[in-house]
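Trainee: Attaching a single structure in structure tokens format; questions to follow.
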Amino acid sequence: MSGYRQIPRFILFFLFLVSSLSCATKPTIKALGIDPGLCMGCHIERTPALFQAWVESTHAKNGVNCVTCHTDHEAAYVTKAMVFPDKCGECHSKQLEEFRKSRHSIAFERMRIQGEYLGIPQEIRSQFCERCHIVEKRCNSCHASHDFSAKAAREPEACGNCHLGPDHPHKEMYESSLHGIVYKVTQNPERGPTCVTCHMPGGTHDSSFGIAAGPVGTRAAVVDLKENPISTEEKKRRREEMIQICTTCHSKRFASEQLANADQVKEEAFILQKKGREVILGVDKEGLLYPSLSERSPHPTEGRQLVLADPQLYVGTSHIERLFFTMFKFHNIRVWKSGYHFSPAYIHRYGWFEMQMDLIDIQDEAKKLKELFKGTNK
Amino acid sequence: MINRMFLVGFFVCFSFSSLLGAEEKIGECLACHQKDTQGIFKAWVNSKHYKSGVDCITCHKSHEEAKPRKSTVEPQVCAKCHAEQFEQFQKGRHSITWDRMKEHRQYQTLPDPLKRALCERCHNIQNKCNACHTSHAFNPAEAKEPEACKKCHTGMAGPHDEMYASSIHGTIYATEKNSKRAPTCATCHMYKGTHNSSFGVIYDSLGNAVDRDGKALSKENREKIRQPLVQEVCHQCHIPDLTLERFELADQVKNEAKKVLAEAEKVIRELEAEGILPKGVTLGQGQLYEGTSRIESLYYRMFQFHNVYARKGAYHFSADFAHWYGWAHLQMSLIEIKEEARKLRELNRIKK
């Protein structure tokens, strides 16, 4: 945008008047006096609700307007109006720095090398994985455009936009925990914690604060942003960090015990998962997987080897592997993550119970495969 | 203080006198119904109907007439005052839900008590304005909340509410409670208060591009239907080019899902050809969830549930539904169908 600043102010002011008078029901320009340049000439008509959200935002009050973030029309058009965190970091540098320490800041990059992502037809990937993993490149994943409300971003529903559903029902776990229930009935984060109380305490944008397990839940090892396993000392330090938050309401002893109990739940879940895995390894040894590893398309990142658990695919495998996919991807994650989120319904009914049922299915499938196909070459 | 007491006194007298006024007008109804059904009576007293002088007999006519029809008031009665809304309603698919249900094979197979408790509870919207504007407040503000639509548009067969709640639209509405900031169901589907809830919608519940009466829509007509949605509704926040691109991406998800279904159907049709399944099994539209083979029931789930989640999840911009509940489950079901076919073949070979 080079030209707009040269346009005399009175013309811009006239533009304001014309657009506001010509449409009495259109957004009121409370922000009169702030200069978003030529943008408003069209956007007050073309995207009025977005414009109004900006008018009511803290940005507008502080003189942050269209061109502050979008630079100019040409630049905005090319990037489809996307504004990247580096831009926001020009003012919100502390938040950007914190954000860079979190797993949110590697979400897109990690997704792009994930087998499951690569297994999805290219044209439709943007409708699936990218919609959430884009958080790496979009502050407005949580601070929705164009009011970028910090208050709204603190509500559990804001996190629930991505953290829900079969593969990681954090929202559902939280809502069925005592923490979530107290918040729901009181709407007071000092009575019952919200997601950010524990994961972004004091407003830190390092959402990986205090996490000593995970990250993705399908692997037992705890890794840092570069995928290197973290040391026992670091793990202890992170746990201590989290316990500090719990002590707002709970004794240190109680909080430590509860988290240690969750560690035990996690261990049990992985022992159970291993049982399923061993059955399948046995089936593979007898050459009974259909389609066999040589008959199917190679795994995008692992090639022609048997992949059980992350990054296992849900496409084109044998049925017994698909049963295991459900076990590790949907059900194990419910058991162990709900352990840390204190949702008995998710640990037990939706998690542990389902894992046990998966194991029965896997064992039964192995039996059928042996009875029907052993020595038949099919 | 005295002022306040005066005001309170004034309101008490005012409401009492207006209650008495109502009592005279609707005669005998109130004598019993103030006690017997006091919940709906109170709702009516606080309603706009009450303020405008619309009382029991305006809609229910008389006690004798109301009783045999269990007090049902058909849309035609509401239309005497709300003609515009009724006319709009008649253009949308809500106005054919009961007729279509009656023709549906699955409905016909159900025992009568189940028909009433299951399908009819939602499909009666064709005959009941109070499906959305609940009795006896009939409050448009309530009917505009996403939860009002949720009563029917939730769960296995059509989790529209869940898709909306997990989209960025639903997220913003949940966190800011402002329908100017983010759309509710009514913002897009009942734009500017139209009661044609099929506004902007190209596909029927099965994903066929047809109009309300089942007639195929030409490409031009499809564009004509989508245009006002993109140009008028979405443009409140989004630029038309980008919006159209989003819809076209969703169209692609729909097509890709269809391909997975076709692959599954092929597996089942091959079994038919080999004589392992009887000839001419119904797959997809018109398929029943009972009395079929297991492999057909696997297809039923794919068609009726996973396919719907992938497609409708994409149009509602819920990655969770489009991907995990939809696409991923379609793929997993395809694996299961292929394995089931292999076992059926082997068992058939052993039997011979």
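Naming scheme: A, B, ... for chains in displayed order of the structure tokens; residues 1 onward per chain; ligands 1 onward as shown.
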Give the residues of chain B that lie within 8 Å of chain A; count only C-alpha atoms, and format the answer as a PyMOL selection string.

Mentor: chain B and resi 165-168+171-172+174-176+180-181+235-239+242+249-250+252-253+314+317+319-325+328+331-332+335-336+339+343+346-347

Trainee: For range 265-270 of chain A, please output as a PDB file with N, CA and C atoms, in the first residue's frame all residues within 12 Å (counting only C-alpha atoms; exclusion window: fewer than 5 positions along the same chain).

Mentor:
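File written: result_9.pdb
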```pdb
ATOM      1  N   ALA A 213       4.144 -35.761  30.111  1.00  0.00           N
ATOM      2  CA  ALA A 213       3.784 -37.001  29.421  1.00  0.00           C
ATOM      3  C   ALA A 213       3.403 -36.652  27.999  1.00  0.00           C
ATOM      4  N   GLY A 214       3.453 -37.628  27.148  1.00  0.00           N
ATOM      5  CA  GLY A 214       3.022 -37.355  25.770  1.00  0.00           C
ATOM      6  C   GLY A 214       4.190 -37.228  24.816  1.00  0.00           C
ATOM      7  N   GLY A 217       0.619 -38.811  22.595  1.00  0.00           N
ATOM      8  CA  GLY A 217      -0.225 -39.758  23.286  1.00  0.00           C
ATOM      9  C   GLY A 217      -0.143 -41.153  22.748  1.00  0.00           C
ATOM     10  N   THR A 218       0.395 -41.308  21.558  1.00  0.00           N
ATOM     11  CA  THR A 218       0.460 -42.641  20.999  1.00  0.00           C
ATOM     12  C   THR A 218       1.837 -43.249  21.232  1.00  0.00           C
ATOM     13  N   ARG A 219       2.733 -42.406  21.716  1.00  0.00           N
ATOM     14  CA  ARG A 219       4.060 -42.897  22.049  1.00  0.00           C
ATOM     15  C   ARG A 219       4.254 -42.771  23.561  1.00  0.00           C
ATOM     16  N   ALA A 220       4.965 -43.739  24.128  1.00  0.00           N
ATOM     17  CA  ALA A 220       5.137 -43.712  25.575  1.00  0.00           C
ATOM     18  C   ALA A 220       6.189 -42.684  25.978  1.00  0.00           C
ATOM     19  N   ALA A 221       7.175 -42.461  25.102  1.00  0.00           N
ATOM     20  CA  ALA A 221       8.283 -41.585  25.469  1.00  0.00           C
ATOM     21  C   ALA A 221       7.854 -40.122  25.456  1.00  0.00           C
ATOM     22  N   GLN A 258      -2.311 -37.833  42.918  1.00  0.00           N
ATOM     23  CA  GLN A 258      -3.241 -37.961  41.797  1.00  0.00           C
ATOM     24  C   GLN A 258      -2.486 -38.078  40.479  1.00  0.00           C
ATOM     25  N   LEU A 259      -1.462 -37.266  40.300  1.00  0.00           N
ATOM     26  CA  LEU A 259      -0.704 -37.316  39.043  1.00  0.00           C
ATOM     27  C   LEU A 259       0.109 -38.607  38.953  1.00  0.00           C
ATOM     28  N   ALA A 260       0.620 -39.070  40.103  1.00  0.00           N
ATOM     29  CA  ALA A 260       1.358 -40.343  40.102  1.00  0.00           C
ATOM     30  C   ALA A 260       0.412 -41.488  39.758  1.00  0.00           C
ATOM     31  N   LYS A 275      -0.355 -56.150  24.547  1.00  0.00           N
ATOM     32  CA  LYS A 275      -0.954 -57.476  24.351  1.00  0.00           C
ATOM     33  C   LYS A 275      -1.570 -57.579  22.962  1.00  0.00           C
ATOM     34  N   GLY A 276      -2.265 -56.527  22.555  1.00  0.00           N
ATOM     35  CA  GLY A 276      -2.859 -56.496  21.212  1.00  0.00           C
ATOM     36  C   GLY A 276      -1.785 -56.579  20.146  1.00  0.00           C
ATOM     37  N   ARG A 277      -0.737 -55.826  20.357  1.00  0.00           N
ATOM     38  CA  ARG A 277       0.375 -55.770  19.419  1.00  0.00           C
ATOM     39  C   ARG A 277       1.013 -57.141  19.234  1.00  0.00           C
ATOM     40  N   ALA A 309       0.852 -48.875  15.969  1.00  0.00           N
ATOM     41  CA  ALA A 309       0.829 -47.602  16.712  1.00  0.00           C
ATOM     42  C   ALA A 309       1.497 -46.517  15.863  1.00  0.00           C
ATOM     43  N   MET A 327      -7.668 -49.340  18.818  1.00  0.00           N
ATOM     44  CA  MET A 327      -7.227 -49.552  20.196  1.00  0.00           C
ATOM     45  C   MET A 327      -6.201 -48.503  20.635  1.00  0.00           C
ATOM     46  N   PHE A 328      -5.191 -48.263  19.798  1.00  0.00           N
ATOM     47  CA  PHE A 328      -4.144 -47.334  20.263  1.00  0.00           C
ATOM     48  C   PHE A 328      -4.526 -45.878  20.037  1.00  0.00           C
ATOM     49  N   LYS A 329      -5.239 -45.618  18.914  1.00  0.00           N
ATOM     50  CA  LYS A 329      -5.447 -44.225  18.522  1.00  0.00           C
ATOM     51  C   LYS A 329      -6.627 -43.593  19.261  1.00  0.00           C
ATOM     52  N   HIS A 331      -8.747 -45.421  21.823  1.00  0.00           N
ATOM     53  CA  HIS A 331      -9.098 -45.888  23.166  1.00  0.00           C
ATOM     54  C   HIS A 331      -7.974 -45.753  24.183  1.00  0.00           C
ATOM     55  N   ASN A 332      -6.763 -46.088  23.787  1.00  0.00           N
ATOM     56  CA  ASN A 332      -5.658 -45.912  24.735  1.00  0.00           C
ATOM     57  C   ASN A 332      -5.515 -44.446  25.134  1.00  0.00           C
ATOM     58  N   ILE A 333      -5.662 -43.581  24.149  1.00  0.00           N
ATOM     59  CA  ILE A 333      -5.500 -42.149  24.428  1.00  0.00           C
ATOM     60  C   ILE A 333      -6.540 -41.661  25.435  1.00  0.00           C
ATOM     61  N   ARG A 334      -7.727 -42.266  25.376  1.00  0.00           N
ATOM     62  CA  ARG A 334      -8.768 -41.895  26.351  1.00  0.00           C
ATOM     63  C   ARG A 334      -8.370 -42.329  27.744  1.00  0.00           C
ATOM     64  N   VAL A 335      -7.818 -43.547  27.828  1.00  0.00           N
ATOM     65  CA  VAL A 335      -7.441 -44.043  29.152  1.00  0.00           C
ATOM     66  C   VAL A 335      -6.384 -43.128  29.755  1.00  0.00           C
ATOM     67  N   TRP A 336      -5.269 -42.978  29.046  1.00  0.00           N
ATOM     68  CA  TRP A 336      -4.163 -42.315  29.742  1.00  0.00           C
ATOM     69  C   TRP A 336      -4.312 -40.808  29.844  1.00  0.00           C
ATOM     70  N   LYS A 337      -4.869 -40.174  28.784  1.00  0.00           N
ATOM     71  CA  LYS A 337      -5.027 -38.720  28.908  1.00  0.00           C
ATOM     72  C   LYS A 337      -6.136 -38.356  29.890  1.00  0.00           C
ATOM     73  N   SER A 338      -7.163 -39.198  29.967  1.00  0.00           N
ATOM     74  CA  SER A 338      -8.216 -38.924  30.945  1.00  0.00           C
ATOM     75  C   SER A 338      -7.704 -39.123  32.356  1.00  0.00           C
ATOM     76  N   GLY A 339      -6.694 -40.001  32.496  1.00  0.00           N
ATOM     77  CA  GLY A 339      -6.053 -40.155  33.805  1.00  0.00           C
ATOM     78  C   GLY A 339      -5.569 -38.803  34.297  1.00  0.00           C
ATOM     79  N   TYR A 340      -4.924 -38.050  33.404  1.00  0.00           N
ATOM     80  CA  TYR A 340      -4.393 -36.733  33.784  1.00  0.00           C
ATOM     81  C   TYR A 340      -5.470 -35.652  33.824  1.00  0.00           C
ATOM     82  N   HIS A 341      -6.608 -35.922  33.160  1.00  0.00           N
ATOM     83  CA  HIS A 341      -7.695 -34.922  33.183  1.00  0.00           C
ATOM     84  C   HIS A 341      -8.804 -35.308  34.159  1.00  0.00           C
ATOM     85  N   PHE A 342      -8.622 -36.425  34.849  1.00  0.00           N
ATOM     86  CA  PHE A 342      -9.519 -36.839  35.948  1.00  0.00           C
ATOM     87  C   PHE A 342     -10.969 -37.028  35.516  1.00  0.00           C
ATOM     88  N   PRO A 344     -13.319 -40.058  35.080  1.00  0.00           N
ATOM     89  CA  PRO A 344     -13.503 -41.513  35.206  1.00  0.00           C
ATOM     90  C   PRO A 344     -14.294 -42.104  34.040  1.00  0.00           C
ATOM     91  N   ILE A 347     -11.757 -42.511  31.241  1.00  0.00           N
ATOM     92  CA  ILE A 347     -10.740 -43.521  31.533  1.00  0.00           C
ATOM     93  C   ILE A 347     -11.356 -44.901  31.417  1.00  0.00           C
ATOM     94  N   HIS A 348     -12.508 -45.065  32.038  1.00  0.00           N
ATOM     95  CA  HIS A 348     -13.069 -46.402  32.161  1.00  0.00           C
ATOM     96  C   HIS A 348     -13.962 -46.764  30.987  1.00  0.00           C
ATOM     97  N   GLY A 351     -12.598 -45.694  27.572  1.00  0.00           N
ATOM     98  CA  GLY A 351     -11.198 -46.018  27.371  1.00  0.00           C
ATOM     99  C   GLY A 351     -10.868 -47.467  27.679  1.00  0.00           C
ATOM    100  N   TRP A 352     -10.649 -47.757  28.950  1.00  0.00           N
ATOM    101  CA  TRP A 352     -10.214 -49.079  29.394  1.00  0.00           C
ATOM    102  C   TRP A 352     -11.147 -50.186  28.919  1.00  0.00           C
ATOM    103  N   PHE A 353     -12.442 -49.984  29.094  1.00  0.00           N
ATOM    104  CA  PHE A 353     -13.446 -50.949  28.654  1.00  0.00           C
ATOM    105  C   PHE A 353     -13.322 -51.212  27.150  1.00  0.00           C
ATOM    106  N   GLU A 354     -13.223 -50.146  26.378  1.00  0.00           N
ATOM    107  CA  GLU A 354     -13.129 -50.301  24.922  1.00  0.00           C
ATOM    108  C   GLU A 354     -11.829 -50.996  24.529  1.00  0.00           C
ATOM    109  N   MET A 355     -10.741 -50.714  25.245  1.00  0.00           N
ATOM    110  CA  MET A 355      -9.464 -51.380  24.947  1.00  0.00           C
ATOM    111  C   MET A 355      -9.576 -52.881  25.162  1.00  0.00           C
ATOM    112  N   GLN A 356     -10.246 -53.243  26.256  1.00  0.00           N
ATOM    113  CA  GLN A 356     -10.438 -54.674  26.544  1.00  0.00           C
ATOM    114  C   GLN A 356     -11.271 -55.329  25.438  1.00  0.00           C
ATOM    115  N   LEU A 359      -9.176 -55.847  22.438  1.00  0.00           N
ATOM    116  CA  LEU A 359      -8.280 -56.994  22.582  1.00  0.00           C
ATOM    117  C   LEU A 359      -9.026 -58.296  22.266  1.00  0.00           C
TER     118      LEU A 359
END
```

Trainee: Quick check for you: according to DSSP on this backbone, which residues of range 214-325 of chain A are classed as strand (DSSP E or B)? Reply as a PyMOL selection string.

Mentor: chain A and resi 223+229+299+303

Trainee: Go through A:Ile106, A:Ile230, A:Ile245, A:Leu178 one by one, measure the shortest atom-to-atom distance of each to Ala345 in chain A using only C-alpha atoms, and give the residue with the smallest value.

Mentor: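 With only C-alpha atoms as the atom set, the closest residue is A:Leu178.
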
Trainee: Could you name the residues that touch Gln227 in chain B at 10 Å or less, counting only C-alpha atoms, but leaving out those on the same chain fewer than 4 positions away, as an MDAnalysis selection string?

Mentor: chainID B and resid 200 221:223 231:233 240 244

Trainee: List the spatial neighbours of Ser95 in chain B as a ChimeraX atom specification - criterion: any atom at most 8 Å away, only C-alpha atoms, same-chain residues fewer than 6 positions off excluded.

Mentor: /B:89,125-127

Trainee: Only all heavy atoms, please: the residues just picked out, written as a compact mmCIF listing (two decimals), in the first residue's frame.

Mentor:
```txt
# COMPACT_ATOMS: atom_id res chain seq x y z
N PHE B 89 -41.89 -21.43 4.58
CA PHE B 89 -41.76 -22.78 5.15
C PHE B 89 -42.10 -23.84 4.11
O PHE B 89 -41.43 -24.86 3.99
CB PHE B 89 -42.69 -22.89 6.37
CG PHE B 89 -42.79 -24.25 6.97
CD1 PHE B 89 -41.79 -24.74 7.79
CD2 PHE B 89 -43.90 -25.05 6.73
CE1 PHE B 89 -41.88 -26.01 8.36
CE2 PHE B 89 -44.01 -26.32 7.29
CZ PHE B 89 -43.00 -26.80 8.10
N ILE B 125 -42.36 -32.13 12.24
CA ILE B 125 -42.16 -30.68 12.02
C ILE B 125 -43.00 -30.17 10.84
O ILE B 125 -43.40 -29.02 10.81
CB ILE B 125 -40.66 -30.34 11.81
CG1 ILE B 125 -40.47 -28.83 11.82
CG2 ILE B 125 -40.09 -30.98 10.56
CD1 ILE B 125 -39.05 -28.37 11.78
N GLN B 126 -43.28 -31.05 9.90
CA GLN B 126 -44.13 -30.67 8.77
C GLN B 126 -45.50 -30.17 9.25
O GLN B 126 -46.09 -29.29 8.64
CB GLN B 126 -44.31 -31.87 7.82
CG GLN B 126 -45.18 -31.56 6.62
CD GLN B 126 -45.36 -32.76 5.70
OE1 GLN B 126 -44.54 -33.69 5.67
NE2 GLN B 126 -46.42 -32.76 4.92
N ASN B 127 -45.94 -30.73 10.37
CA ASN B 127 -47.28 -30.40 10.86
C ASN B 127 -47.29 -29.58 12.13
O ASN B 127 -48.33 -29.42 12.76
CB ASN B 127 -48.06 -31.70 11.11
CG ASN B 127 -48.06 -32.59 9.89
OD1 ASN B 127 -48.25 -32.10 8.78
ND2 ASN B 127 -47.82 -33.87 10.08
```

Trainee: When DSSP works through the backbone of this structure, what residues of range 85-285 of chain B end up as helix (DSSP H, G or I), shown as a ChimeraX atom specification?

Mentor: /B:85-91,93-103,105-109,112-117,119-127,129-131,140-143,146-150,160-165,168-176,185-189,191-193,219-236,240-273

Trainee: Find the spatial neighbours of range 184-190 of chain B, counting only C-alpha atoms, within a cut-off of 8 Å - ignore same-chain residues fewer than 2 positions away - and output them as a short mmCIF file (atom, residue, chain, number, x, y, z; two decimals) with C-alpha atoms, in the first residue's frame.

Mentor:
```cif
data_model
loop_
_atom_site.label_atom_id
_atom_site.label_comp_id
_atom_site.auth_asym_id
_atom_site.auth_seq_id
_atom_site.Cartn_x
_atom_site.Cartn_y
_atom_site.Cartn_z
CA LYS B 144 -33.03 -18.90 16.85
CA GLU B 145 -30.61 -20.51 19.32
CA PRO B 146 -28.57 -23.44 17.92
CA CYS B 149 -32.28 -26.97 16.01
CA TYR B 164 -21.45 -26.79 14.18
CA HIS B 169 -18.35 -20.67 13.76
CA GLY B 170 -19.80 -22.62 16.68
CA TYR B 173 -20.61 -18.28 19.14
CA SER B 179 -24.68 -13.95 16.55
CA ALA B 182 -20.31 -15.71 14.37
CA LYS B 192 -32.94 -12.83 7.42
CA GLY B 193 -35.57 -14.92 9.16
CA THR B 194 -36.77 -16.85 6.12
CA HIS B 195 -38.68 -19.97 7.12
CA ASN B 196 -37.38 -21.76 4.04
CA SER B 197 -34.67 -23.61 5.93
CA SER B 198 -33.41 -25.11 2.68
CA PHE B 199 -32.05 -21.67 1.73
CA GLY B 200 -28.69 -22.06 0.01
CA VAL B 201 -28.70 -25.85 0.36
CA LEU B 229 -25.48 -17.91 0.53
CA VAL B 233 -24.46 -14.54 4.20
CA CYS B 234 -20.81 -15.57 4.15
#
```

Trainee: Take CA of Leu110 in chain B and CA of Gly291 in chain B and report the distance between them in Å, one decimal.

Mentor: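 Computing the Euclidean distance for CA of Leu110 in chain B and CA of Gly291 in chain B yields 12.5 Å.
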
Trainee: For a test of reading the model, state the distance in Å between CA of Arg311 in chain B and CA of Ile295 in chain B, rounded to one decimal.

Mentor: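 Straight-line distance from CA of Arg311 in chain B to CA of Ile295 in chain B works out to 22.6 Å.
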
Trainee: So how many Å separate CA of Asn261 in chain A and CA of Met200 in chain A, to one decimal?

Mentor: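 Rounded to one decimal, the two atoms are 23.0 Å apart.
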